Amino acid sequence: MLTKRPSTERGHADHGWLRSFHSFSFAEYFDRNHMHFGPLRVINEDWVAAGTGFGMHPHKDMEIVTYILDGELTHQDSMGHQEVIRPNDVQRMSAGTGVFHSEFNRHPADTCHLLQIWIMPEQKDLTPEYEQTAFDPAEKRGKLRLVAAPDGAGGAVTIHADTRLYAGLFNDTESAKHLLPADRMAYVHVARGTLTINGEALSAGDALMLRDEPAVILTNGQQAEVLVFDLPRQ
């Protein structure tokens, strides 16, 4: 079964310094039909204006993945990390028992465009952790590169959830197929460009939920960047 989630149906917030679209219920946006998809709890597409950002704030019992599309973001946390996240980086923070962090766009002119992803962990009260890895765009060109996984396979960042996150870049005749066993489902988010997923045409910001499908099939990309979440079926 395929269920399309058009970009235009997402929640939206505009705070001036921050523009955000919410794929799932978040903050003041509530949609009982889109609370989560399996352990996938949040996909926020954010534009953070130059010289602004999120001050120190707490998180607990959540796997948080940050994926930068354009610009850069400076991260600082109560574990002592201070890092700059750029395109092709994947940052993972396991909030566990509790952590404070800030995210700031220190560039004097450029907006930072990112996806922030929350995944519910399989176990609560874990020790907080931080990890950041850069992935060569060539590893994503015309294929799906595993960038986050419960076992950190193939150099992916490690998340404490039964979720595997893949990233890919597709254009023209490039295509890929990701098999889904009977006990798995998938959520596909098109970050930019256009792409056909299992025969459904998607544009930037659109998503497709796949249940009882044997595979995720990606074709007809036009300057497309895509995230594929392989999730336990529920």
# chains A, B, ... in the order shown; residues from 1 in each chain; ligands from 1
>>> closest_atom_pairs(of="region 140-224 of chain A", to="region 34-49 of chain A", cutoff="9 Å", atoms="only C-alpha atoms", output="JSON lines")
{"residue": "A:Ala161", "atom": "CA", "partner": "A:Pro39", "partner_atom": "CA", "distance": 7.6}
{"residue": "A:Asp162", "atom": "CA", "partner": "A:Pro39", "partner_atom": "CA", "distance": 7.9}
{"residue": "A:Thr163", "atom": "CA", "partner": "A:Pro39", "partner_atom": "CA", "distance": 7.6}
{"residue": "A:Met185", "atom": "CA", "partner": "A:Gly38", "partner_atom": "CA", "distance": 8.7}
{"residue": "A:Ala186", "atom": "CA", "partner": "A:Phe37", "partner_atom": "CA", "distance": 8.9}
{"residue": "A:Tyr187", "atom": "CA", "partner": "A:Phe37", "partner_atom": "CA", "distance": 7.7}
{"residue": "A:His189", "atom": "CA", "partner": "A:Ile43", "partner_atom": "CA", "distance": 8.9}
{"residue": "A:Ala191", "atom": "CA", "partner": "A:Glu45", "partner_atom": "CA", "distance": 8.6}
{"residue": "A:Gly205", "atom": "CA", "partner": "A:Glu45", "partner_atom": "CA", "distance": 8.1}
{"residue": "A:Met209", "atom": "CA", "partner": "A:Phe37", "partner_atom": "CA", "distance": 8.3}
>>> write_last_selection(atoms="N, CA and C atoms", output="CSV table (one decimal), in the first residue's frame")
chain,number,residue,atom,x,y,z
A,161,ALA,N,17.8,2.4,17.6
A,161,ALA,CA,16.5,2.1,17.2
A,161,ALA,C,16.5,1.2,16.0
A,162,ASP,N,15.4,0.4,15.8
A,162,ASP,CA,15.4,-0.5,14.7
A,162,ASP,C,15.0,0.2,13.4
A,163,THR,N,15.9,1.1,13.0
A,163,THR,CA,15.7,1.9,11.8
A,163,THR,C,17.0,2.0,11.1
A,185,MET,N,8.6,-1.8,6.6
A,185,MET,CA,7.9,-0.8,5.9
A,185,MET,C,8.9,0.3,5.6
A,186,ALA,N,8.5,1.3,4.8
A,186,ALA,CA,9.4,2.4,4.5
A,186,ALA,C,8.7,3.7,4.4
A,187,TYR,N,9.5,4.7,4.7
A,187,TYR,CA,9.0,6.1,4.6
A,187,TYR,C,10.1,6.8,3.7
A,189,HIS,N,11.3,10.3,1.9
A,189,HIS,CA,11.2,11.8,1.9
A,189,HIS,C,12.1,12.4,0.8
A,191,ALA,N,14.0,15.3,-0.5
A,191,ALA,CA,14.6,16.5,0.1
A,191,ALA,C,14.7,17.7,-0.9
A,205,GLY,N,9.9,18.0,-0.7
A,205,GLY,CA,9.0,18.1,0.4
A,205,GLY,C,8.0,17.0,0.5
A,209,MET,N,4.7,6.8,2.0
A,209,MET,CA,4.7,5.7,3.0
A,209,MET,C,4.4,4.4,2.3
>>> residues_around(residues="Leu208 (chain A)", least_positions_apart="5", cutoff="6 Å", atoms="only C-alpha atoms", output="number ranges by chain")
A: 3-5, 187-188
>>> write_last_selection(atoms="N, CA and C atoms", output="short mmCIF file (atom, residue, chain, number, x, y, z; two decimals), in the first residue's frame")
data_model
loop_
_atom_site.label_atom_id
_atom_site.label_comp_id
_atom_site.auth_asym_id
_atom_site.auth_seq_id
_atom_site.Cartn_x
_atom_site.Cartn_y
_atom_site.Cartn_z
N THR A 3 0.96 5.44 0.39
CA THR A 3 0.25 6.62 0.88
C THR A 3 1.14 7.83 0.68
N LYS A 4 0.69 8.75 -0.16
CA LYS A 4 1.48 9.95 -0.44
C LYS A 4 1.19 11.02 0.59
N ARG A 5 2.23 11.70 1.03
CA ARG A 5 2.13 12.82 1.97
C ARG A 5 2.66 14.07 1.25
N TYR A 187 9.48 4.74 4.73
CA TYR A 187 9.04 6.13 4.58
C TYR A 187 10.08 6.82 3.73
N VAL A 188 9.66 7.39 2.60
CA VAL A 188 10.58 8.04 1.67
C VAL A 188 10.29 9.54 1.66
#
>>> closest_atom_pairs(of="region 3-84 of chain A", to="region 152-159 of chain A", cutoff="10 Å", atoms="only C-alpha atoms", output="CSV")
residue,atom,partner,partner_atom,distance
A:Met62,CA,A:Ile159,CA,9.7
A:Glu63,CA,A:Ile159,CA,6.4
A:Ile64,CA,A:Ile159,CA,8.6
A:Val65,CA,A:Ile159,CA,8.8
>>> residues_around(residues="region 141-148 of chain A", least_positions_apart="3", cutoff="6 Å", atoms="only C-alpha atoms", output="PyMOL selection string")
chain A and resi 138+156-158+164-170+174-176
>>> closest_residue(among="A:Lys140, A:Arg86, A:His160, A:His22", to="Glu122 (chain A)", atoms="only C-alpha atoms")
A:His160
>>> residues_around(residues="Gln76 (chain A)", least_positions_apart="4", cutoff="9 Å", atoms="only C-alpha atoms", output="PyMOL selection string")
chain A and resi 56+80-84+100-104
